[in-house]
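Data block for start-v4.csv (CSV, C-alpha atoms):
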```
chain,number,residue,atom,x,y,z
F,1,MET,CA,-79.9,11.6,37.1
F,2,ALA,CA,-79.0,8.0,36.4
F,3,ASN,CA,-76.2,9.0,34.0
F,4,ALA,CA,-75.0,11.6,36.5
F,5,TRP,CA,-74.8,8.9,39.2
F,6,LYS,CA,-72.7,6.7,36.9
F,7,ARG,CA,-70.2,9.5,36.3
F,8,ASP,CA,-69.9,10.3,39.9
F,9,LYS,CA,-69.5,6.6,41.0
F,10,PRO,CA,-65.9,5.9,42.0
F,11,THR,CA,-63.9,3.4,39.9
F,12,ARG,CA,-62.8,0.2,41.6
F,13,LEU,CA,-59.2,0.5,40.7
F,14,LEU,CA,-58.2,-2.6,42.7
F,15,SER,CA,-61.0,-4.8,41.4
F,16,PRO,CA,-59.9,-8.4,40.5
F,17,LYS,CA,-60.6,-7.7,36.8
F,18,PHE,CA,-58.4,-4.6,36.8
F,19,LEU,CA,-55.6,-6.3,38.7
F,20,PHE,CA,-55.7,-9.2,36.2
F,21,LEU,CA,-55.4,-6.8,33.2
F,22,LEU,CA,-52.6,-4.9,34.9
F,23,PHE,CA,-50.7,-8.1,35.6
F,24,SER,CA,-51.2,-9.4,32.1
F,25,SER,CA,-50.1,-6.1,30.5
F,26,THR,CA,-47.0,-6.0,32.7
F,27,LEU,CA,-46.0,-9.5,31.7
F,28,LEU,CA,-46.6,-8.7,28.0
F,29,LEU,CA,-44.5,-5.6,28.1
F,30,LEU,CA,-41.7,-7.4,30.0
F,31,PHE,CA,-41.7,-10.2,27.4
F,32,LEU,CA,-41.6,-7.7,24.5
F,33,PHE,CA,-38.7,-5.8,26.2
F,34,LEU,CA,-36.7,-8.9,26.7
F,35,PHE,CA,-37.4,-10.1,23.2
F,36,SER,CA,-36.4,-6.8,21.7
F,37,THR,CA,-33.2,-6.8,23.8
F,38,SER,CA,-32.2,-10.2,22.7
F,39,ARG,CA,-32.9,-9.4,19.1
F,40,SER,CA,-30.9,-6.2,19.4
F,41,SER,CA,-27.9,-7.9,20.9
F,42,SER,CA,-28.1,-10.5,18.1
F,43,SER,CA,-28.6,-8.0,15.3
F,44,PHE,CA,-25.9,-5.6,16.6
F,45,SER,CA,-23.4,-8.2,17.6
F,46,ASN,CA,-19.9,-7.3,16.6
F,47,PRO,CA,-19.9,-7.3,12.8
F,48,THR,CA,-16.3,-8.5,12.7
F,49,VAL,CA,-17.1,-11.9,14.4
F,50,LEU,CA,-18.1,-14.8,12.1
F,51,SER,CA,-17.8,-18.5,11.8
F,52,LEU,CA,-14.4,-18.1,10.2
F,53,ASN,CA,-13.0,-17.0,13.5
F,54,THR,CA,-13.0,-20.5,14.8
F,55,HIS,CA,-10.6,-21.4,12.0
F,56,LEU,CA,-8.6,-18.3,11.3
F,57,SER,CA,-5.7,-17.3,13.6
F,58,PHE,CA,-5.8,-13.7,14.5
F,59,ASN,CA,-2.6,-13.7,16.6
F,60,SER,CA,-1.0,-11.2,14.2
F,61,ILE,CA,-3.8,-8.7,14.2
F,62,SER,CA,-7.3,-8.3,15.6
F,63,PRO,CA,-10.5,-7.5,13.6
F,64,PHE,CA,-11.8,-4.0,13.4
F,65,ASP,CA,-14.5,-3.3,16.0
F,66,CYS,CA,-17.4,-1.7,14.1
F,67,ILE,CA,-19.6,-1.5,17.2
F,68,HIS,CA,-17.2,0.8,19.2
F,69,SER,CA,-16.1,2.8,16.2
F,70,PRO,CA,-17.5,6.3,16.0
F,71,GLN,CA,-19.7,6.8,12.9
F,72,PRO,CA,-19.6,9.9,10.7
F,73,HIS,CA,-22.6,12.0,9.8
F,74,PRO,CA,-24.4,12.4,7.5
F,75,VAL,CA,-24.7,8.9,6.1
F,76,ILE,CA,-25.3,8.8,2.4
F,77,ALA,CA,-26.0,5.3,1.1
F,78,ASN,CA,-28.0,3.8,-1.7
F,79,LEU,CA,-28.7,0.7,-3.7
F,80,VAL,CA,-26.2,-0.1,-6.5
F,81,GLU,CA,-27.7,-0.2,-10.0
F,82,GLY,CA,-27.7,-3.2,-12.3
F,83,VAL,CA,-26.0,-6.0,-10.3
F,84,ARG,CA,-27.6,-9.4,-10.2
F,85,TYR,CA,-27.4,-9.6,-6.4
F,86,PRO,CA,-28.3,-6.2,-5.1
F,87,PHE,CA,-26.6,-4.5,-2.2
F,88,LEU,CA,-26.1,-1.0,-0.7
F,89,TYR,CA,-22.9,0.9,0.1
F,90,SER,CA,-22.2,4.1,1.8
F,91,LEU,CA,-20.1,7.0,0.3
F,92,SER,CA,-17.0,8.2,2.1
F,93,ASP,CA,-16.4,11.2,-0.1
F,94,PHE,CA,-19.3,13.6,-0.7
F,95,GLY,CA,-17.5,15.8,-3.2
F,96,THR,CA,-17.5,19.6,-2.7
F,97,LEU,CA,-20.7,20.4,-0.9
F,98,PRO,CA,-22.9,22.2,-1.9
F,99,ASP,CA,-21.3,23.4,-5.1
F,100,LYS,CA,-20.0,20.2,-6.6
F,101,PRO,CA,-21.4,17.1,-4.8
F,102,HIS,CA,-20.3,13.6,-5.6
F,103,LYS,CA,-21.9,12.2,-8.8
F,104,ASN,CA,-23.7,9.5,-6.8
F,105,ILE,CA,-25.3,12.1,-4.5
F,106,VAL,CA,-26.7,13.8,-7.6
F,107,ARG,CA,-28.0,10.5,-8.9
F,108,MET,CA,-29.7,9.8,-5.6
F,109,LEU,CA,-31.4,13.2,-5.6
F,110,LYS,CA,-32.7,12.3,-9.0
F,111,GLY,CA,-34.2,9.1,-7.7
F,112,LYS,CA,-31.5,6.9,-9.3
F,113,PRO,CA,-29.4,4.1,-7.7
F,114,PHE,CA,-25.6,4.6,-7.4
F,115,ARG,CA,-23.6,3.7,-10.5
F,116,LYS,CA,-22.5,0.1,-10.4
F,117,PRO,CA,-18.8,-0.3,-9.7
F,118,ASP,CA,-17.2,-2.6,-12.4
F,119,ILE,CA,-15.5,-4.7,-9.7
F,120,SER,CA,-18.9,-5.6,-8.1
F,121,VAL,CA,-20.1,-7.0,-11.4
F,122,THR,CA,-16.8,-8.9,-12.0
F,123,VAL,CA,-16.8,-10.4,-8.5
F,124,GLN,CA,-20.4,-11.6,-8.8
F,125,GLU,CA,-19.7,-13.2,-12.2
F,126,VAL,CA,-16.6,-15.0,-10.9
F,127,LEU,CA,-18.5,-16.3,-7.8
F,128,GLU,CA,-21.6,-17.2,-9.8
F,129,LYS,CA,-19.4,-19.5,-11.9
F,130,ALA,CA,-18.0,-21.0,-8.7
F,131,LYS,CA,-21.5,-21.7,-7.3
F,132,SER,CA,-22.6,-23.4,-10.5
F,133,GLU,CA,-19.6,-25.7,-10.2
F,134,GLY,CA,-20.4,-26.5,-6.5
F,135,ARG,CA,-17.3,-24.9,-5.2
F,136,ASP,CA,-17.3,-23.2,-1.8
F,137,GLY,CA,-14.8,-21.0,0.1
F,138,PHE,CA,-14.4,-17.4,1.0
F,139,VAL,CA,-13.3,-14.1,-0.6
F,140,VAL,CA,-10.3,-12.0,0.4
F,141,ASP,CA,-10.7,-8.3,-0.4
F,142,VAL,CA,-7.4,-6.3,-0.1
F,143,GLY,CA,-7.9,-2.6,-0.5
F,144,ALA,CA,-11.6,-2.9,0.3
F,145,ASN,CA,-12.3,0.9,0.0
F,146,VAL,CA,-16.0,1.2,1.1
F,147,GLY,CA,-16.8,-2.5,0.4
F,148,MET,CA,-18.0,-2.6,-3.2
F,149,ALA,CA,-16.3,-6.0,-3.8
F,150,SER,CA,-16.9,-7.3,-0.2
F,151,PHE,CA,-20.6,-6.7,-0.3
F,152,ALA,CA,-21.0,-8.0,-3.8
F,153,ALA,CA,-19.7,-11.3,-2.5
F,154,ALA,CA,-21.4,-11.3,1.0
F,155,VAL,CA,-24.9,-10.7,-0.4
F,156,MET,CA,-24.4,-13.9,-2.4
F,157,GLY,CA,-23.7,-15.8,0.8
F,158,PHE,CA,-19.9,-15.9,0.6
F,159,ARG,CA,-17.7,-15.2,3.6
F,160,VAL,CA,-15.4,-12.3,3.2
F,161,VAL,CA,-12.1,-11.2,4.9
F,162,ALA,CA,-11.5,-7.5,4.0
F,163,PHE,CA,-8.4,-5.3,4.6
F,164,GLU,CA,-8.6,-1.5,4.5
F,165,PRO,CA,-6.2,1.0,6.1
F,166,VAL,CA,-8.2,4.2,5.8
F,167,PHE,CA,-10.3,4.9,8.9
F,168,GLU,CA,-13.1,6.8,7.0
F,169,ASN,CA,-13.5,3.9,4.6
F,170,LEU,CA,-13.6,1.4,7.5
F,171,GLN,CA,-16.5,3.4,9.0
F,172,LYS,CA,-18.4,3.1,5.7
F,173,ILE,CA,-17.8,-0.6,5.5
F,174,CYS,CA,-19.2,-0.9,9.0
F,175,GLU,CA,-22.3,0.9,7.8
F,176,GLY,CA,-22.6,-1.4,4.7
F,177,ILE,CA,-22.3,-4.4,7.0
F,178,TYR,CA,-25.4,-3.2,8.9
F,179,PHE,CA,-27.3,-2.1,5.8
F,180,ASN,CA,-26.8,-5.4,4.0
F,181,ARG,CA,-27.3,-7.5,7.1
F,182,VAL,CA,-24.0,-9.4,6.6
F,183,SER,CA,-22.4,-9.2,10.0
F,184,ASP,CA,-22.1,-12.9,10.1
F,185,LEU,CA,-20.2,-13.0,6.8
F,186,VAL,CA,-17.7,-10.1,6.8
F,187,THR,CA,-14.5,-9.9,8.9
F,188,LEU,CA,-12.8,-6.6,8.6
F,189,PHE,CA,-9.2,-5.6,9.4
F,190,GLU,CA,-7.7,-2.1,9.8
F,191,ALA,CA,-4.5,-3.0,8.1
F,192,ALA,CA,-2.5,-2.9,4.9
F,193,ALA,CA,-1.7,-6.4,3.5
F,194,SER,CA,2.0,-6.6,2.7
F,195,ASP,CA,5.0,-9.0,2.7
F,196,ARG,CA,6.0,-8.5,6.3
F,197,LEU,CA,4.6,-7.7,9.8
F,198,GLY,CA,5.1,-4.2,11.0
F,199,ASN,CA,3.9,-0.6,10.2
F,200,ILE,CA,3.9,1.5,7.1
F,201,THR,CA,3.0,5.1,6.1
F,202,ILE,CA,-0.1,5.5,4.0
F,203,HIS,CA,-0.9,8.7,2.1
F,204,LYS,CA,-4.6,9.6,1.8
F,205,LEU,CA,-6.1,12.4,-0.2
F,206,VAL,CA,-8.9,14.6,1.2
F,207,GLY,CA,-11.8,14.2,-1.2
F,208,ARG,CA,-10.4,11.1,-2.9
F,209,LEU,CA,-10.0,8.5,-0.2
F,210,ASP,CA,-10.2,5.8,-2.9
F,211,ASN,CA,-6.8,7.0,-4.1
F,212,SER,CA,-4.9,6.3,-0.9
F,213,ALA,CA,-1.5,4.7,-1.4
F,214,VAL,CA,1.7,3.7,0.2
F,215,SER,CA,3.5,5.9,-2.3
F,216,ALA,CA,2.9,9.7,-2.0
F,217,THR,CA,3.6,10.0,-5.7
F,218,GLY,CA,1.0,7.3,-6.5
F,219,ALA,CA,-1.6,8.8,-4.2
F,220,LYS,CA,-1.3,12.2,-5.9
F,221,MET,CA,-0.7,11.1,-9.4
F,222,ALA,CA,-4.1,12.0,-10.8
F,223,PHE,CA,-5.1,14.5,-8.1
F,224,LYS,CA,-2.2,16.8,-7.5
F,225,SER,CA,-4.3,19.6,-6.0
F,226,ASN,CA,-5.9,17.5,-3.2
F,227,GLU,CA,-4.6,17.8,0.3
F,228,GLU,CA,-2.5,14.9,1.3
F,229,ILE,CA,-2.4,13.4,4.8
F,230,ALA,CA,0.1,10.8,6.0
F,231,PHE,CA,-0.6,8.2,8.7
F,232,GLN,CA,0.7,5.0,10.1
F,233,VAL,CA,-1.1,1.6,9.8
F,234,LYS,CA,-0.2,-2.0,10.6
F,235,THR,CA,1.0,-4.3,7.9
F,236,VAL,CA,0.3,-8.0,7.8
F,237,PRO,CA,1.1,-10.8,5.2
F,238,LEU,CA,-2.0,-12.7,4.1
F,239,ASP,CA,-0.2,-15.9,4.9
F,240,GLU,CA,-0.2,-14.9,8.5
F,241,VAL,CA,-4.0,-14.6,8.5
F,242,ILE,CA,-5.3,-17.3,6.1
F,243,PRO,CA,-4.6,-20.8,7.3
F,244,GLU,CA,-3.8,-23.6,4.8
F,245,SER,CA,-7.0,-25.4,5.8
F,246,GLU,CA,-9.3,-22.7,4.4
F,247,HIS,CA,-10.3,-22.6,0.8
F,248,VAL,CA,-10.1,-19.1,-0.8
F,249,LEU,CA,-12.2,-18.8,-4.0
F,250,LEU,CA,-11.2,-15.3,-4.9
F,251,LEU,CA,-8.4,-12.9,-4.0
F,252,LYS,CA,-9.0,-9.3,-5.1
F,253,ILE,CA,-6.2,-6.7,-4.7
F,254,ASP,CA,-6.5,-3.0,-5.4
F,255,VAL,CA,-3.8,-1.1,-3.5
F,256,GLN,CA,-2.6,1.7,-5.8
F,257,GLY,CA,0.7,0.2,-6.7
F,258,TRP,CA,1.5,-1.9,-3.7
F,259,GLU,CA,0.2,-5.1,-5.3
F,260,TYR,CA,3.6,-6.8,-5.6
F,261,HIS,CA,4.2,-6.7,-1.8
F,262,VAL,CA,0.7,-8.0,-1.2
F,263,LEU,CA,1.3,-10.9,-3.5
F,264,LYS,CA,4.7,-11.7,-2.0
F,265,GLY,CA,3.0,-11.9,1.4
F,266,ALA,CA,0.5,-14.4,0.1
F,267,SER,CA,3.1,-16.8,-1.4
F,268,LYS,CA,1.8,-19.9,0.4
F,269,LEU,CA,-1.8,-19.1,-0.5
F,270,LEU,CA,-0.9,-18.6,-4.2
F,271,SER,CA,1.2,-21.7,-4.3
F,272,ARG,CA,-1.7,-24.0,-3.7
F,273,LYS,CA,-2.4,-26.5,-6.5
F,274,GLY,CA,-4.9,-26.1,-9.3
F,275,SER,CA,-8.4,-25.2,-8.2
F,276,GLN,CA,-7.3,-25.0,-4.6
F,277,ALA,CA,-5.5,-21.7,-5.6
F,278,PRO,CA,-7.7,-18.6,-5.6
F,279,TYR,CA,-9.0,-16.8,-8.7
F,280,LEU,CA,-6.8,-13.7,-8.7
F,281,ILE,CA,-7.8,-10.2,-9.6
F,282,TYR,CA,-5.3,-7.4,-9.1
F,283,GLU,CA,-4.8,-3.9,-10.4
F,284,GLU,CA,-1.9,-3.7,-12.8
F,285,ASP,CA,-1.3,0.0,-13.5
F,286,GLU,CA,2.3,0.4,-14.6
F,287,ARG,CA,2.5,4.0,-13.4
F,288,LEU,CA,1.3,3.2,-9.9
F,289,LEU,CA,3.5,0.1,-9.7
F,290,GLN,CA,6.6,2.1,-10.7
F,291,ALA,CA,5.8,4.8,-8.0
F,292,SER,CA,6.1,1.9,-5.5
F,293,ASN,CA,9.4,0.6,-7.1
F,294,SER,CA,7.9,-2.4,-8.8
F,295,SER,CA,6.6,-3.3,-12.2
F,296,ALA,CA,4.0,-5.4,-14.1
F,297,LYS,CA,6.8,-7.7,-15.3
F,298,GLU,CA,8.1,-8.3,-11.8
F,299,ILE,CA,4.6,-9.3,-10.7
F,300,ARG,CA,4.1,-11.6,-13.7
F,301,ASP,CA,7.5,-13.2,-13.1
F,302,PHE,CA,6.5,-13.8,-9.4
F,303,LEU,CA,3.1,-15.2,-10.3
F,304,GLY,CA,4.7,-17.6,-12.8
F,305,SER,CA,7.0,-18.9,-10.1
F,306,VAL,CA,4.0,-19.9,-8.0
F,307,GLY,CA,2.1,-21.5,-10.9
F,308,TYR,CA,-0.1,-18.7,-12.3
F,309,HIS,CA,0.6,-18.9,-16.0
F,310,GLU,CA,-2.9,-17.9,-17.2
F,311,CYS,CA,-3.3,-14.1,-16.9
F,312,THR,CA,-5.6,-11.9,-19.0
F,313,GLN,CA,-5.9,-8.1,-19.0
F,314,HIS,CA,-9.2,-6.4,-18.3
F,315,GLY,CA,-8.7,-2.7,-18.4
F,316,THR,CA,-6.2,-1.9,-15.6
F,317,ASP,CA,-7.0,-5.2,-13.9
F,318,ALA,CA,-5.3,-8.6,-14.4
F,319,HIS,CA,-7.2,-11.8,-14.0
F,320,CYS,CA,-5.1,-14.9,-13.2
F,321,THR,CA,-6.0,-18.6,-12.8
F,322,LYS,CA,-4.3,-21.9,-12.5
F,323,LYS,CA,-5.1,-25.1,-14.4
F,324,ASP,CA,-5.9,-28.3,-12.6
```

Could the structure of this file be written out as structure tokens, please?
Amino acid sequence: MANAWKRDKPTRLLSPKFLFLLFSSTLLLLFLFLFSTSRSSSSFSNPTVLSLNTHLSFNSISPFDCIHSPQPHPVIANLVEGVRYPFLYSLSDFGTLPDKPHKNIVRMLKGKPFRKPDISVTVQEVLEKAKSEGRDGFVVDVGANVGMASFAAAVMGFRVVAFEPVFENLQKICEGIYFNRVSDLVTLFEAAASDRLGNITIHKLVGRLDNSAVSATGAKMAFKSNEEIAFQVKTVPLDEVIPESEHVLLLKIDVQGWEYHVLKGASKLLSRKGSQAPYLIYEEDERLLQASNSSAKEIRDFLGSVGYHECTQHGTDAHCTKKD
């Protein structure tokens, strides 16, 4: 009967002890909510805003807004194999699903990382040498694709300014900015670097967005059967974005034959003296260059005119430096 009496006894919901616990719990929940909100606003702050913005003039063009950009689904991202400073990147092309998926999707299903892009290894080697010499500065990535060079630099702590005209690739860079937690290091532009301000037609290939080019011939050179889509994008010279007061350690250019125009638009940057001039990596594919009415000789002659006399060939890439 005693136990029955205890079960039937009404609970004093408004007892001092209960009110104290309720008040304490409410304060705790409110604190956690406010804390998570502040963390969220910090973590998801616009990935295109970084400390460089206090120095760089963006009068010619505004950074790409990752926060308000719609994101594609599904997202397929993974760690890159074998780089000294690991990072993740997200695929923009999935291949032909389900019959012939992208090779990196197959690797992921087998429990393997994505194959390392050669440019990522190269960028980290160049920047590792700069770190060992105590040199600081930032990286300019022209033709960023899905960020394989940008993230290789950013995860090392270097600031990056990236240019990419293809919207699908921009979305993947935004994903990589979040995955690698480098929103304070990467500034992204939806633009094609060139030798003048304006607009230009870009040709992208469905299923091979890494082969997008200003020249329709260059875009379809290796993939004639892929569907081609033409679209307009802004053009901006690098000299309009990079002020003379900022030190650029590395300039990487991979724009499927448009390299000469990018270099011409960076004349002031490339004319800097000795070690103040950036280490230059650019794609030097004669077929793609000719499709854009330029040539490797024309590029080498121009680079010589601004003081780059030391160029070596690495596959289809050229590496150029200046002596002090």

Contacts of segment 132-229 of chain F with segment 64-78 of chain F up to 12 Å, shortest pair per row, all atoms listed in the file, as a tab-separated table:
```
residue	atom	partner	partner_atom	distance
F:Val146	CA	F:Ala77	CA	10.8
F:Met148	CA	F:Asn78	CA	12.0
F:Val161	CA	F:Phe64	CA	11.1
F:Ala162	CA	F:Phe64	CA	10.0
F:Phe163	CA	F:Phe64	CA	9.5
F:Glu164	CA	F:Phe64	CA	9.8
F:Pro165	CA	F:Phe64	CA	10.5
F:Val166	CA	F:Phe64	CA	11.7
F:Phe167	CA	F:Ser69	CA	9.6
F:Glu168	CA	F:Pro72	CA	8.1
F:Asn169	CA	F:Pro72	CA	10.5
F:Leu170	CA	F:Phe64	CA	8.2
F:Gln171	CA	F:Gln71	CA	6.1
F:Lys172	CA	F:Gln71	CA	8.2
F:Ile173	CA	F:Cys66	CA	8.7
F:Cys174	CA	F:Cys66	CA	5.5
F:Glu175	CA	F:Gln71	CA	8.2
F:Gly176	CA	F:Ala77	CA	8.3
F:Ile177	CA	F:Cys66	CA	9.0
F:Tyr178	CA	F:Cys66	CA	9.7
F:Phe179	CA	F:Ala77	CA	8.9
F:Asn180	CA	F:Asn78	CA	10.9
F:Ser183	CA	F:Cys66	CA	9.9
F:Val186	CA	F:Phe64	CA	10.8
F:Thr187	CA	F:Phe64	CA	7.9
F:Leu188	CA	F:Phe64	CA	5.5
F:Phe189	CA	F:Phe64	CA	5.0
F:Glu190	CA	F:Phe64	CA	5.8
F:Ala191	CA	F:Phe64	CA	9.1
```

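Residue nearest Ala266 of chain F, chosen from F:Ser194, F:Ser60, F:Gln313, F:Asn145 and counting only C-alpha atoms: F:Ser194.
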
Report, in Å with one decimal, the straight-line distance from atom CA of Glu228 of chain F to atom CA of Gly143 of chain F.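 The value is 18.4 Å.
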
Mind listing whatever residues come within 12 Å of the point (-15.4, -21.0, 0.1)? Use only C-alpha atoms, file coordinates, and give them as a ChimeraX atom specification. /F:52,127,130-131,134-140,153-154,156-161,185,245-251,275-279

Just the number, please: distance in Å from atom CA of Ser150 of chain F to atom CA of Pro86 of chain F, one decimal.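 For atom CA of Ser150 of chain F relative to atom CA of Pro86 of chain F, the distance reads 12.5 Å.
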
What is the distance between atom CA of Gly218 of chain F and atom CA of Ala291 of chain F, in Å to one decimal?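 The value is 5.6 Å.
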
All residues 12 Å or closer to segment 197-203 of chain F, only C-alpha atoms, same chain fewer than 3 positions away omitted, as number ranges by chain: F: 59-61, 164-167, 190-194, 206, 208-221, 226-241, 255-258, 261-262, 265, 292

Within 10 Å of (-19.2, -8.5, -10.7), in the coordinates the file gives, what residues turn up when you count all atoms listed in the file, written out as a PyMOL selection string? chain F and resi 83-85+116-128+148-149+152-153

Can you work out which one of F:Gln290, F:Thr316, F:Ser92, F:Ser271 has the shortest atom-to-atom distance to Gly304 of chain F, counting all atoms listed in the file? F:Ser271

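Residue nearest Lys322 of chain F, chosen from F:Glu298, F:Glu310, F:Asp93, F:Asp254 and counting all atoms listed in the file: F:Glu310.
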
Nearest to Phe151 of chain F, restricted to all atoms listed in the file and choosing among F:Leu91, F:Val80, F:Leu205, F:Leu270, comes out as F:Val80

Pick from F:Tyr260, F:His319, F:Pro243, F:Phe87, whichever lies nearest to Ala296 of chain F using all atoms listed in the file: F:Tyr260

F:Leu263, F:Met108, F:Ile281, F:Cys320: which is nearest Ser294 of chain F, counting all atoms listed in the file?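 When distances to Ser294 of chain F are compared using all atoms listed in the file, the smallest one comes from F:Leu263.
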
Selection: 8 Å around Tyr282 of chain F, all atoms listed in the file, excl. self and same-chain fewer than 5 positions, as a PyMOL selection string: chain F and resi 252-254+259+317-319
